[in-house]
file query-v4.cif (mmCIF, C-alpha atoms)
data_target
loop_
_atom_site.group_PDB
_atom_site.id
_atom_site.type_symbol
_atom_site.label_atom_id
_atom_site.label_comp_id
_atom_site.auth_asym_id
_atom_site.auth_seq_id
_atom_site.Cartn_x
_atom_site.Cartn_y
_atom_site.Cartn_z
ATOM 1 C CA MET A 1 228.239 162.938 65.336
ATOM 2 C CA ALA A 2 229.740 161.635 62.107
ATOM 3 C CA LYS A 3 230.049 162.736 58.499
ATOM 4 C CA LEU A 4 228.136 160.163 56.457
ATOM 5 C CA ALA A 5 227.228 159.237 52.903
ATOM 6 C CA PHE A 6 224.223 157.114 51.990
ATOM 7 C CA LEU A 7 224.052 155.449 48.564
ATOM 8 C CA GLY A 8 220.676 154.242 47.306
ATOM 9 C CA LEU A 9 217.319 155.823 48.123
ATOM 10 C CA GLY A 10 214.802 153.068 47.480
ATOM 11 C CA VAL A 11 211.930 152.213 49.814
ATOM 12 C CA MET A 12 214.493 151.184 52.428
ATOM 13 C CA GLY A 13 217.321 153.660 51.896
ATOM 14 C CA TYR A 14 215.162 156.790 51.758
ATOM 15 C CA PRO A 15 213.908 156.511 55.376
ATOM 16 C CA MET A 16 217.166 155.007 56.657
ATOM 17 C CA ALA A 17 219.121 158.027 55.454
ATOM 18 C CA ALA A 18 216.490 160.273 57.022
ATOM 19 C CA HIS A 19 216.949 158.580 60.406
ATOM 20 C CA LEU A 20 220.687 159.251 60.215
ATOM 21 C CA LEU A 21 220.083 162.941 59.614
ATOM 22 C CA GLY A 22 217.520 162.961 62.410
ATOM 23 C CA ALA A 23 220.126 161.521 64.769
ATOM 24 C CA GLY A 24 222.286 164.591 64.173
ATOM 25 C CA HIS A 25 224.767 163.240 61.622
ATOM 26 C CA SER A 26 225.907 165.136 58.552
ATOM 27 C CA VAL A 27 224.475 163.178 55.597
ATOM 28 C CA THR A 28 225.149 163.382 51.870
ATOM 29 C CA VAL A 29 223.063 161.087 49.669
ATOM 30 C CA TYR A 30 223.500 159.626 46.207
ATOM 31 C CA ASN A 31 220.921 157.890 44.050
ATOM 32 C CA ARG A 32 221.182 156.567 40.521
ATOM 33 C CA THR A 33 218.151 158.716 39.667
ATOM 34 C CA ALA A 34 219.513 162.122 40.600
ATOM 35 C CA GLU A 35 216.060 163.686 40.924
ATOM 36 C CA LYS A 36 215.274 161.395 43.840
ATOM 37 C CA ALA A 37 218.423 162.439 45.689
ATOM 38 C CA ALA A 38 217.519 166.093 45.131
ATOM 39 C CA LYS A 39 214.011 165.391 46.405
ATOM 40 C CA TRP A 40 215.406 163.742 49.551
ATOM 41 C CA ALA A 41 217.650 166.709 50.270
ATOM 42 C CA SER A 42 214.751 169.104 49.716
ATOM 43 C CA GLU A 43 212.302 167.172 51.900
ATOM 44 C CA ILE A 44 214.598 165.853 54.613
ATOM 45 C CA GLY A 45 217.627 168.125 54.626
ATOM 46 C CA GLY A 46 221.295 167.249 54.233
ATOM 47 C CA SER A 47 222.861 167.348 50.798
ATOM 48 C CA HIS A 48 223.113 165.257 47.654
ATOM 49 C CA ALA A 49 225.945 164.436 45.271
ATOM 50 C CA ALA A 50 226.157 163.552 41.594
ATOM 51 C CA THR A 51 228.357 160.464 42.066
ATOM 52 C CA PRO A 52 229.127 157.959 44.824
ATOM 53 C CA ARG A 53 232.677 159.294 44.894
ATOM 54 C CA GLU A 54 231.541 162.848 45.589
ATOM 55 C CA ALA A 55 229.130 161.653 48.267
ATOM 56 C CA ALA A 56 231.860 159.621 49.981
ATOM 57 C CA GLU A 57 234.581 162.269 50.038
ATOM 58 C CA GLY A 58 235.595 162.999 53.612
ATOM 59 C CA ALA A 59 232.949 160.673 55.064
ATOM 60 C CA ASP A 60 233.641 158.638 58.198
ATOM 61 C CA PHE A 61 231.071 156.045 57.132
ATOM 62 C CA VAL A 62 229.515 155.261 53.776
ATOM 63 C CA MET A 63 226.242 153.322 53.875
ATOM 64 C CA ALA A 64 224.739 151.606 50.843
ATOM 65 C CA CYS A 65 221.367 150.003 50.212
ATOM 66 C CA VAL A 66 221.062 149.215 46.512
ATOM 67 C CA GLY A 67 219.584 146.382 44.472
ATOM 68 C CA ASN A 68 221.953 143.511 43.751
ATOM 69 C CA ASP A 69 225.570 142.453 43.228
ATOM 70 C CA ASP A 70 226.030 144.481 40.047
ATOM 71 C CA ASP A 71 224.406 147.568 41.557
ATOM 72 C CA LEU A 72 226.728 147.359 44.543
ATOM 73 C CA ARG A 73 229.822 147.019 42.367
ATOM 74 C CA SER A 74 228.701 150.045 40.347
ATOM 75 C CA VAL A 75 228.532 152.331 43.397
ATOM 76 C CA VAL A 76 231.739 151.019 44.977
ATOM 77 C CA LEU A 77 234.230 150.573 42.141
ATOM 78 C CA GLY A 78 235.544 152.717 39.294
ATOM 79 C CA ASP A 79 236.600 156.323 38.988
ATOM 80 C CA ASP A 80 233.227 157.542 40.260
ATOM 81 C CA GLY A 81 232.770 154.769 42.837
ATOM 82 C CA ALA A 82 232.700 155.372 46.570
ATOM 83 C CA LEU A 83 236.109 153.805 47.197
ATOM 84 C CA ALA A 84 237.705 156.409 44.941
ATOM 85 C CA GLY A 85 236.559 159.093 47.346
ATOM 86 C CA MET A 86 236.848 157.404 50.730
ATOM 87 C CA LYS A 87 239.585 158.367 53.138
ATOM 88 C CA GLU A 88 241.837 155.888 54.905
ATOM 89 C CA GLY A 89 240.240 154.653 58.122
ATOM 90 C CA ALA A 90 236.673 155.197 56.897
ATOM 91 C CA ILE A 91 234.207 152.302 57.004
ATOM 92 C CA PHE A 92 231.823 151.108 54.287
ATOM 93 C CA VAL A 93 228.595 149.625 55.676
ATOM 94 C CA ASP A 94 226.661 147.631 53.089
ATOM 95 C CA HIS A 95 222.969 147.067 53.804
ATOM 96 C CA THR A 96 222.298 145.461 50.419
ATOM 97 C CA THR A 97 221.390 141.782 50.307
ATOM 98 C CA VAL A 98 224.041 140.360 47.989
ATOM 99 C CA SER A 99 226.100 137.212 47.631
ATOM 100 C CA ALA A 100 228.856 136.464 50.108
ATOM 101 C CA ILE A 101 231.164 136.252 47.091
ATOM 102 C CA VAL A 102 230.748 139.883 46.034
ATOM 103 C CA THR A 103 230.920 140.961 49.678
ATOM 104 C CA LYS A 104 234.335 139.375 50.121
ATOM 105 C CA GLU A 105 235.518 140.680 46.747
ATOM 106 C CA LEU A 106 234.626 144.294 47.522
ATOM 107 C CA ALA A 107 235.845 144.065 51.122
ATOM 108 C CA ALA A 108 239.253 143.036 49.777
ATOM 109 C CA PHE A 109 239.373 146.092 47.487
ATOM 110 C CA ALA A 110 238.410 148.281 50.444
ATOM 111 C CA SER A 111 241.067 146.757 52.664
ATOM 112 C CA ASP A 112 243.735 147.484 50.051
ATOM 113 C CA GLN A 113 242.818 151.163 50.427
ATOM 114 C CA GLY A 114 242.772 151.123 54.211
ATOM 115 C CA VAL A 115 238.961 151.203 54.311
ATOM 116 C CA GLY A 116 236.946 148.940 56.601
ATOM 117 C CA TRP A 117 233.956 146.904 55.437
ATOM 118 C CA VAL A 118 230.884 145.739 57.335
ATOM 119 C CA ASP A 119 228.293 143.653 55.498
ATOM 120 C CA ALA A 120 225.046 144.505 57.235
ATOM 121 C CA PRO A 121 221.899 143.274 55.435
ATOM 122 C CA VAL A 122 218.637 144.122 57.144
ATOM 123 C CA SER A 123 215.320 142.513 58.032
ATOM 124 C CA GLY A 124 212.085 144.287 58.852
ATOM 125 C CA GLY A 125 210.943 145.542 55.476
ATOM 126 C CA GLN A 126 209.752 148.984 54.515
ATOM 127 C CA ALA A 127 207.844 149.446 57.764
ATOM 128 C CA GLY A 128 210.949 148.585 59.782
ATOM 129 C CA ALA A 129 212.995 151.117 57.812
ATOM 130 C CA GLU A 130 210.393 153.838 58.223
ATOM 131 C CA ASN A 131 210.010 153.198 61.953
ATOM 132 C CA GLY A 132 213.732 152.777 62.612
ATOM 133 C CA GLN A 133 213.146 149.212 63.817
ATOM 134 C CA LEU A 134 215.305 147.096 61.522
ATOM 135 C CA ALA A 135 217.155 143.974 62.615
ATOM 136 C CA ILE A 136 220.682 144.078 61.212
ATOM 137 C CA MET A 137 222.939 141.053 60.781
ATOM 138 C CA CYS A 138 226.600 141.984 60.451
ATOM 139 C CA GLY A 139 229.905 140.569 59.315
ATOM 140 C CA GLY A 140 233.379 142.078 59.249
ATOM 141 C CA ASP A 141 236.178 142.987 61.604
ATOM 142 C CA ALA A 142 234.826 143.272 65.149
ATOM 143 C CA ALA A 143 236.376 146.714 65.618
ATOM 144 C CA HIS A 144 234.727 148.006 62.448
ATOM 145 C CA PHE A 145 231.367 146.666 63.613
ATOM 146 C CA GLU A 146 231.724 148.294 67.025
ATOM 147 C CA ALA A 147 232.561 151.614 65.360
ATOM 148 C CA ALA A 148 229.544 151.386 63.050
ATOM 149 C CA LYS A 149 227.049 150.105 65.614
ATOM 150 C CA PRO A 150 226.217 153.472 67.238
ATOM 151 C CA VAL A 151 225.613 154.966 63.790
ATOM 152 C CA ILE A 152 223.328 152.232 62.455
ATOM 153 C CA ALA A 153 221.428 152.375 65.737
ATOM 154 C CA ALA A 154 219.585 155.333 64.179
ATOM 155 C CA TYR A 155 217.410 152.922 62.184
ATOM 156 C CA SER A 156 217.774 149.607 63.996
ATOM 157 C CA LYS A 157 216.241 147.873 66.981
ATOM 158 C CA ALA A 158 219.022 145.284 67.051
ATOM 159 C CA SER A 159 222.355 144.676 65.344
ATOM 160 C CA VAL A 160 224.500 141.617 65.922
ATOM 161 C CA HIS A 161 228.028 140.765 64.768
ATOM 162 C CA PHE A 162 228.275 137.179 63.532
ATOM 163 C CA GLY A 163 231.883 136.897 62.378
ATOM 164 C CA PRO A 164 234.172 137.853 59.496
ATOM 165 C CA VAL A 165 233.167 139.550 56.253
ATOM 166 C CA GLY A 166 230.326 137.643 54.593
ATOM 167 C CA SER A 167 228.789 136.388 57.836
ATOM 168 C CA GLY A 168 226.040 138.981 57.753
ATOM 169 C CA GLN A 169 225.046 137.945 54.245
ATOM 170 C CA LEU A 170 224.921 134.293 55.300
ATOM 171 C CA VAL A 171 222.562 135.131 58.163
ATOM 172 C CA LYS A 172 220.366 137.144 55.785
ATOM 173 C CA MET A 173 220.136 134.095 53.508
ATOM 174 C CA ILE A 174 218.956 132.043 56.470
ATOM 175 C CA ASN A 175 216.439 134.763 57.297
ATOM 176 C CA GLN A 176 214.984 134.641 53.788
ATOM 177 C CA VAL A 177 214.847 130.835 53.812
ATOM 178 C CA CYS A 178 212.831 130.964 57.038
ATOM 179 C CA ILE A 179 210.508 133.646 55.661
ATOM 180 C CA ALA A 180 209.822 131.686 52.481
ATOM 181 C CA GLY A 181 208.621 128.645 54.409
ATOM 182 C CA ALA A 182 206.572 130.778 56.776
ATOM 183 C CA ILE A 183 204.725 132.639 54.009
ATOM 184 C CA GLN A 184 203.940 129.409 52.197
ATOM 185 C CA SER A 185 202.475 127.819 55.329
ATOM 186 C CA VAL A 186 200.446 130.956 56.141
ATOM 187 C CA SER A 187 199.132 131.015 52.561
ATOM 188 C CA GLU A 188 198.033 127.386 52.805
ATOM 189 C CA GLY A 189 196.419 127.849 56.194
ATOM 190 C CA LEU A 190 194.535 131.036 55.334
ATOM 191 C CA TYR A 191 193.278 129.690 52.042
ATOM 192 C CA MET A 192 192.118 126.520 53.771
ATOM 193 C CA ALA A 193 190.218 128.666 56.289
ATOM 194 C CA MET A 194 188.552 130.690 53.553
ATOM 195 C CA LYS A 195 187.516 127.626 51.551
ATOM 196 C CA ALA A 196 186.071 126.093 54.727
ATOM 197 C CA GLY A 197 183.835 129.133 55.138
ATOM 198 C CA LEU A 198 185.567 130.349 58.292
ATOM 199 C CA ASP A 199 186.399 133.944 59.136
ATOM 200 C CA ALA A 200 190.049 133.744 58.063
ATOM 201 C CA LYS A 201 191.019 136.924 59.884
ATOM 202 C CA GLN A 202 189.529 135.616 63.111
ATOM 203 C CA VAL A 203 191.369 132.352 62.593
ATOM 204 C CA ALA A 204 194.628 134.248 62.086
ATOM 205 C CA ASP A 205 194.086 136.301 65.245
ATOM 206 C CA LEU A 206 193.620 133.180 67.331
ATOM 207 C CA VAL A 207 196.384 131.089 65.754
ATOM 208 C CA SER A 208 198.793 134.006 66.129
ATOM 209 C CA GLN A 209 198.479 133.703 69.889
ATOM 210 C CA GLY A 210 199.560 130.053 69.949
ATOM 211 C CA ALA A 211 202.373 127.858 68.675
ATOM 212 C CA GLY A 212 201.343 128.479 65.068
ATOM 213 C CA GLY A 213 202.014 132.196 65.360
ATOM 214 C CA SER A 214 204.530 134.048 63.193
ATOM 215 C CA TRP A 215 205.348 137.583 62.096
ATOM 216 C CA GLN A 216 203.869 136.811 58.686
ATOM 217 C CA LEU A 217 200.581 135.602 60.178
ATOM 218 C CA ALA A 218 200.316 138.520 62.594
ATOM 219 C CA ASN A 219 201.245 141.237 60.094
ATOM 220 C CA ARG A 220 200.096 139.988 56.696
ATOM 221 C CA ALA A 221 196.998 137.804 57.227
ATOM 222 C CA GLY A 222 194.545 140.704 56.930
ATOM 223 C CA THR A 223 195.894 142.004 53.646
ATOM 224 C CA MET A 224 196.263 138.467 52.259
ATOM 225 C CA VAL A 225 192.580 137.798 52.917
ATOM 226 C CA ASP A 226 191.641 141.199 51.460
ATOM 227 C CA ASN A 227 193.718 140.578 48.338
ATOM 228 C CA GLU A 228 195.934 143.623 48.922
ATOM 229 C CA PHE A 229 199.594 143.404 47.951
ATOM 230 C CA ASN A 230 200.726 146.887 46.921
ATOM 231 C CA HIS A 231 203.057 147.273 49.891
ATOM 232 C CA GLY A 232 206.077 145.674 51.528
ATOM 233 C CA PHE A 233 208.918 143.608 50.085
ATOM 234 C CA ALA A 234 208.549 142.834 46.374
ATOM 235 C CA VAL A 235 208.429 139.327 44.923
ATOM 236 C CA ASP A 236 211.156 140.261 42.420
ATOM 237 C CA TRP A 237 213.544 141.059 45.277
ATOM 238 C CA MET A 238 212.575 137.932 47.194
ATOM 239 C CA ARG A 239 213.397 135.776 44.188
ATOM 240 C CA LYS A 240 216.766 137.504 43.952
ATOM 241 C CA ASP A 241 217.421 136.732 47.620
ATOM 242 C CA LEU A 242 216.255 133.129 47.363
ATOM 243 C CA GLY A 243 218.474 132.641 44.317
ATOM 244 C CA ILE A 244 221.455 133.781 46.389
ATOM 245 C CA ALA A 245 220.483 131.397 49.198
ATOM 246 C CA LEU A 246 220.003 128.441 46.844
ATOM 247 C CA ALA A 247 223.376 129.088 45.182
ATOM 248 C CA GLN A 248 225.047 129.269 48.595
ATOM 249 C CA GLY A 249 223.344 126.049 49.661
ATOM 250 C CA LYS A 250 224.567 124.317 46.518
ATOM 251 C CA ASP A 251 228.125 125.462 47.209
ATOM 252 C CA MET A 252 227.793 124.023 50.726
ATOM 253 C CA GLY A 253 226.402 120.715 49.457
ATOM 254 C CA LEU A 254 223.026 121.396 51.089
ATOM 255 C CA SER A 255 219.577 120.513 49.814
ATOM 256 C CA LEU A 256 216.996 123.245 50.461
ATOM 257 C CA PRO A 257 213.851 121.653 49.021
ATOM 258 C CA VAL A 258 211.244 123.947 50.592
ATOM 259 C CA THR A 259 213.177 127.035 49.548
ATOM 260 C CA ALA A 260 213.517 125.747 45.984
ATOM 261 C CA MET A 261 209.799 124.948 45.837
ATOM 262 C CA VAL A 262 208.724 128.358 47.148
ATOM 263 C CA ASP A 263 211.113 130.074 44.751
ATOM 264 C CA GLN A 264 209.275 128.396 41.875
ATOM 265 C CA PHE A 265 205.919 129.345 43.367
ATOM 266 C CA TYR A 266 207.098 132.960 43.359
ATOM 267 C CA ALA A 267 207.996 132.524 39.693
ATOM 268 C CA GLU A 268 204.315 131.699 39.120
ATOM 269 C CA VAL A 269 203.324 134.882 40.964
ATOM 270 C CA GLN A 270 205.639 136.850 38.666
ATOM 271 C CA GLN A 271 203.847 135.283 35.694
ATOM 272 C CA LEU A 272 200.598 136.633 37.132
ATOM 273 C CA GLY A 273 202.106 140.116 36.899
ATOM 274 C CA GLY A 274 202.967 140.209 40.581
ATOM 275 C CA GLY A 275 206.676 140.918 40.464
ATOM 276 C CA ARG A 276 206.197 144.096 42.475
ATOM 277 C CA TRP A 277 203.558 142.676 44.807
ATOM 278 C CA ASP A 278 204.441 142.038 48.435
ATOM 279 C CA THR A 279 205.836 138.576 49.167
ATOM 280 C CA SER A 280 202.582 137.680 50.949
ATOM 281 C CA SER A 281 201.033 137.490 47.458
ATOM 282 C CA LEU A 282 202.088 133.836 47.446
ATOM 283 C CA ILE A 283 198.444 133.116 48.338
ATOM 284 C CA GLN A 284 197.497 134.300 44.841
ATOM 285 C CA ARG A 285 198.674 130.940 43.496
ATOM 286 C CA PHE A 286 195.707 129.311 45.216
ATOM 287 C CA ARG A 287 193.275 131.875 43.834
ATOM 288 C CA LYS A 288 194.707 131.316 40.336
ATOM 289 C CA MET A 289 194.557 127.533 40.698
ATOM 290 C CA ASN A 290 190.872 127.846 41.596
ATOM 291 C CA ASP A 291 190.104 130.384 38.819
ATOM 292 C CA GLU A 292 189.409 133.127 41.354
ATOM 293 C CA ILE A 293 191.688 135.615 39.583
#
call {"tool": "encode", "arguments": {"input": "query-v4.cif", "output": "structure tokens"}}
result
Amino acid sequence: MAKLAFLGLGVMGYPMAAHLLGAGHSVTVYNRTAEKAAKWASEIGGSHAATPREAAEGADFVMACVGNDDDLRSVVLGDDGALAGMKEGAIFVDHTTVSAIVTKELAAFASDQGVGWVDAPVSGGQAGAENGQLAIMCGGDAAHFEAAKPVIAAYSKASVHFGPVGSGQLVKMINQVCIAGAIQSVSEGLYMAMKAGLDAKQVADLVSQGAGGSWQLANRAGTMVDNEFNHGFAVDWMRKDLGIALAQGKDMGLSLPVTAMVDQFYAEVQQLGGGRWDTSSLIQRFRKMNDEI
């Protein structure tokens, strides 16, 4: 069992940290809103700290799941950042979806202090975090990944090492690109079924069992038809992720036309007030276009 710190207690981090404690590890948490960290410690157990540095002191592994590049820098760097408290030989495991640029930048700072770095963004959403069934795509030194793998197994169903630092973030970008196209196609298909007067849920059940099946169709069709979006992965975060993917594609000289189109469709959903709706709310564009909302 290891001494751990977990930084960031959002809809993903809160249950992930709980799984670590449940696996028998010693866990100290930090959250920008201190009351939430105190609540976690009261409800789940473990302890909480006032700063990332205090949380990280003496830890074998420091996990983070925060919002974006700037949020990650804020919990890693500076006098109160995690690196200021981490011991030599410890490993930082970053579950945030950020740019490969900031990943490499922070990994270099960590290396200068004798601290390992594994970029380990996740897929599976809130439900995957709560059920301990996340898929984790990792980059970093192979030895650091192998050391971290048994620990992150507490909340994962699979974790794969793809190469040096930044590789995990690249795979997460690909994951989000694939999701964007899938949600758009499911939105089009379901709305077509509804406008044709078919039972859209029945259609989804049948199509899910054939070549047109997807996780989005199997897990989101019902709520999309019922116009329910107060769950899951928020549109605001998806746009952040797609922006990272589009910037990476540009740097690589790649055209990602479907991704760019869906990103703009999500901008329309934000204009409808849906920034915190689940990403499956893409279907709301059709309802808006037909004056149904």
call {"tool": "closest_atom_pairs", "arguments": {"input": "query-v4.cif", "of": "region 138-228 of chain A", "to": "region 43-67 of chain A", "cutoff": "12 Å", "atoms": "all atoms listed in the file", "output": "Markdown table"}}
result
| residue | atom | partner | partner_atom | distance |
| --- | --- | --- | --- | --- |
| A:His144 | CA | A:Phe61 | CA | 10.3 |
| A:Phe145 | CA | A:Phe61 | CA | 11.4 |
| A:Ala147 | CA | A:Phe61 | CA | 9.5 |
| A:Ala148 | CA | A:Phe61 | CA | 7.7 |
| A:Lys149 | CA | A:Phe61 | CA | 11.1 |
| A:Pro150 | CA | A:Phe61 | CA | 11.5 |
| A:Val151 | CA | A:Phe61 | CA | 8.7 |
| A:Ile152 | CA | A:Met63 | CA | 9.1 |
call {"tool": "atom_distance", "arguments": {"input": "query-v4.cif", "atom1": "CA of Gly213 (chain A)", "atom2": "CA of Ser185 (chain A)"}}
result
11.0 Å
call {"tool": "closest_residue", "arguments": {"input": "query-v4.cif", "among": "A:Phe162, A:Ala41, A:Ala247, A:Ser280", "to": "Asn219 (chain A)", "atoms": "only C-alpha atoms"}}
result
A:Ser280
call {"tool": "atom_distance", "arguments": {"input": "query-v4.cif", "atom1": "CA of Arg32 (chain A)", "atom2": "CA of Asp70 (chain A)"}}
result
13.0 Å
call {"tool": "residues_around", "arguments": {"input": "query-v4.cif", "residues": "region 283-289 of chain A", "least_positions_apart": "6", "cutoff": "8 Å", "atoms": "all atoms listed in the file", "output": "VMD selection string"}}
result
chain A and resid 184 187 to 188 191 224 265 268 to 269
call {"tool": "write_last_selection", "arguments": {"input": "query-v4.cif", "atoms": "C-alpha atoms", "output": "CSV table (one decimal), keeping the file's coordinate frame"}}
result
chain,number,residue,atom,x,y,z
A,184,GLN,CA,203.9,129.4,52.2
A,187,SER,CA,199.1,131.0,52.6
A,188,GLU,CA,198.0,127.4,52.8
A,191,TYR,CA,193.3,129.7,52.0
A,224,MET,CA,196.3,138.5,52.3
A,265,PHE,CA,205.9,129.3,43.4
A,268,GLU,CA,204.3,131.7,39.1
A,269,VAL,CA,203.3,134.9,41.0
call {"tool": "residues_near_point", "arguments": {"input": "query-v4.cif", "point": "(212.1, 121.0, 57.0)", "cutoff": "12 Å", "atoms": "all atoms listed in the file", "output": "PyMOL selection string"}}
result
chain A and resi 177-178+180-182+185+255-259
call {"tool": "closest_residue", "arguments": {"input": "query-v4.cif", "among": "A:Val262, A:Ala196, A:Ala108, A:Ala221", "to": "Ile179 (chain A)", "atoms": "all atoms listed in the file"}}
result
A:Val262
call {"tool": "closest_residue", "arguments": {"input": "query-v4.cif", "among": "A:Val165, A:Ile101, A:Ala260, A:Leu198", "to": "Asp141 (chain A)", "atoms": "only C-alpha atoms"}}
result
A:Val165
call {"tool": "resolve_selection", "arguments": {"input": "query-v4.cif", "expression": "the PyMOL selection byres ((chain A and resi 11) around 12)", "output": "PyMOL selection string"}}
result
chain A and resi 8-10+12-18+36+65-67+125-130+231-234
call {"tool": "write_last_selection", "arguments": {"input": "query-v4.cif", "atoms": "C-alpha atoms", "output": "mmCIF file, in the frame of the given file"}}
result
data_model
loop_
_atom_site.group_PDB
_atom_site.id
_atom_site.type_symbol
_atom_site.label_atom_id
_atom_site.label_comp_id
_atom_site.auth_asym_id
_atom_site.auth_seq_id
_atom_site.Cartn_x
_atom_site.Cartn_y
_atom_site.Cartn_z
ATOM 1 C CA GLY A 8 220.676 154.242 47.306
ATOM 2 C CA LEU A 9 217.319 155.823 48.123
ATOM 3 C CA GLY A 10 214.802 153.068 47.480
ATOM 4 C CA MET A 12 214.493 151.184 52.428
ATOM 5 C CA GLY A 13 217.321 153.660 51.896
ATOM 6 C CA TYR A 14 215.162 156.790 51.758
ATOM 7 C CA PRO A 15 213.908 156.511 55.376
ATOM 8 C CA MET A 16 217.166 155.007 56.657
ATOM 9 C CA ALA A 17 219.121 158.027 55.454
ATOM 10 C CA ALA A 18 216.490 160.273 57.022
ATOM 11 C CA LYS A 36 215.274 161.395 43.840
ATOM 12 C CA CYS A 65 221.367 150.003 50.212
ATOM 13 C CA VAL A 66 221.062 149.215 46.512
ATOM 14 C CA GLY A 67 219.584 146.382 44.472
ATOM 15 C CA GLY A 125 210.943 145.542 55.476
ATOM 16 C CA GLN A 126 209.752 148.984 54.515
ATOM 17 C CA ALA A 127 207.844 149.446 57.764
ATOM 18 C CA GLY A 128 210.949 148.585 59.782
ATOM 19 C CA ALA A 129 212.995 151.117 57.812
ATOM 20 C CA GLU A 130 210.393 153.838 58.223
ATOM 21 C CA HIS A 231 203.057 147.273 49.891
ATOM 22 C CA GLY A 232 206.077 145.674 51.528
ATOM 23 C CA PHE A 233 208.918 143.608 50.085
ATOM 24 C CA ALA A 234 208.549 142.834 46.374
#
call {"tool": "residues_near_point", "arguments": {"input": "query-v4.cif", "point": "(225.3, 132.5, 57.7)", "cutoff": "10 Å", "atoms": "all atoms listed in the file", "output": "list in words"}}
result
Ala100, Met137, Cys138, Gly139, Phe162, Gly163, Gly166, Ser167, Gly168, Gln169, Leu170, Val171, Lys172, Met173, Ile174, Asn175, Ala245 and Gln248 of chain A
call {"tool": "residues_around", "arguments": {"input": "query-v4.cif", "residues": "Ala158 (chain A)", "least_positions_apart": "2", "cutoff": "9 Å", "atoms": "only C-alpha atoms", "output": "list in words"}}
result
Gln133, Leu134, Ala135, Ile136, Met137, Ala153, Ser156 and Val160 of chain A
call {"tool": "write_last_selection", "arguments": {"input": "query-v4.cif", "atoms": "C-alpha atoms", "output": "CSV table (one decimal), in the frame of the given file"}}
result
chain,number,residue,atom,x,y,z
A,133,GLN,CA,213.1,149.2,63.8
A,134,LEU,CA,215.3,147.1,61.5
A,135,ALA,CA,217.2,144.0,62.6
A,136,ILE,CA,220.7,144.1,61.2
A,137,MET,CA,222.9,141.1,60.8
A,153,ALA,CA,221.4,152.4,65.7
A,156,SER,CA,217.8,149.6,64.0
A,160,VAL,CA,224.5,141.6,65.9
call {"tool": "closest_residue", "arguments": {"input": "query-v4.cif", "among": "A:Gly114, A:Gly249, A:Gly124, A:Gly212", "to": "Leu83 (chain A)", "atoms": "all atoms listed in the file"}}
result
A:Gly114
call {"tool": "atom_distance", "arguments": {"input": "query-v4.cif", "atom1": "CA of Leu7 (chain A)", "atom2": "CA of Gln113 (chain A)"}}
result
19.3 Å
call {"tool": "resolve_selection", "arguments": {"input": "query-v4.cif", "expression": "the PyMOL selection byres ((chain A and resi 24) around 12)", "output": "ChimeraX atom specification"}}
result
/A:1-4,17-23,25-27,45-46,151,154
call {"tool": "build_atoms", "arguments": {"input": "query-v4.cif", "residues": "region 141-149 of chain A", "atoms": "N, CA, C and O atoms", "output": "tab-separated table (two decimals), keeping the file's coordinate frame"}}
result
chain	number	residue	atom	x	y	z
A	141	ASP	N	235.29	142.87	60.46
A	141	ASP	CA	236.18	142.99	61.60
A	141	ASP	C	235.38	143.51	62.80
A	141	ASP	O	234.57	144.42	62.68
A	142	ALA	N	235.59	142.91	63.96
A	142	ALA	CA	234.83	143.27	65.15
A	142	ALA	C	234.97	144.75	65.49
A	142	ALA	O	234.00	145.40	65.91
A	143	ALA	N	236.15	145.30	65.31
A	143	ALA	CA	236.38	146.71	65.62
A	143	ALA	C	235.59	147.62	64.67
A	143	ALA	O	235.07	148.66	65.08
A	144	HIS	N	235.50	147.22	63.41
A	144	HIS	CA	234.73	148.01	62.45
A	144	HIS	C	233.24	147.96	62.80
A	144	HIS	O	232.53	148.98	62.70
A	145	PHE	N	232.77	146.78	63.21
A	145	PHE	CA	231.37	146.67	63.61
A	145	PHE	C	231.07	147.55	64.82
A	145	PHE	O	230.06	148.26	64.86
A	146	GLU	N	231.95	147.50	65.82
A	146	GLU	CA	231.72	148.29	67.03
A	146	GLU	C	231.72	149.79	66.72
A	146	GLU	O	230.98	150.56	67.33
A	147	ALA	N	232.54	150.20	65.75
A	147	ALA	CA	232.56	151.61	65.36
A	147	ALA	C	231.26	152.01	64.65
A	147	ALA	O	230.74	153.11	64.84
A	148	ALA	N	230.75	151.08	63.83
A	148	ALA	CA	229.54	151.39	63.05
A	148	ALA	C	228.26	151.24	63.85
A	148	ALA	O	227.26	151.89	63.54
A	149	LYS	N	228.28	150.43	64.88
A	149	LYS	CA	227.05	150.10	65.61
A	149	LYS	C	226.30	151.33	66.13
A	149	LYS	O	225.07	151.41	65.98
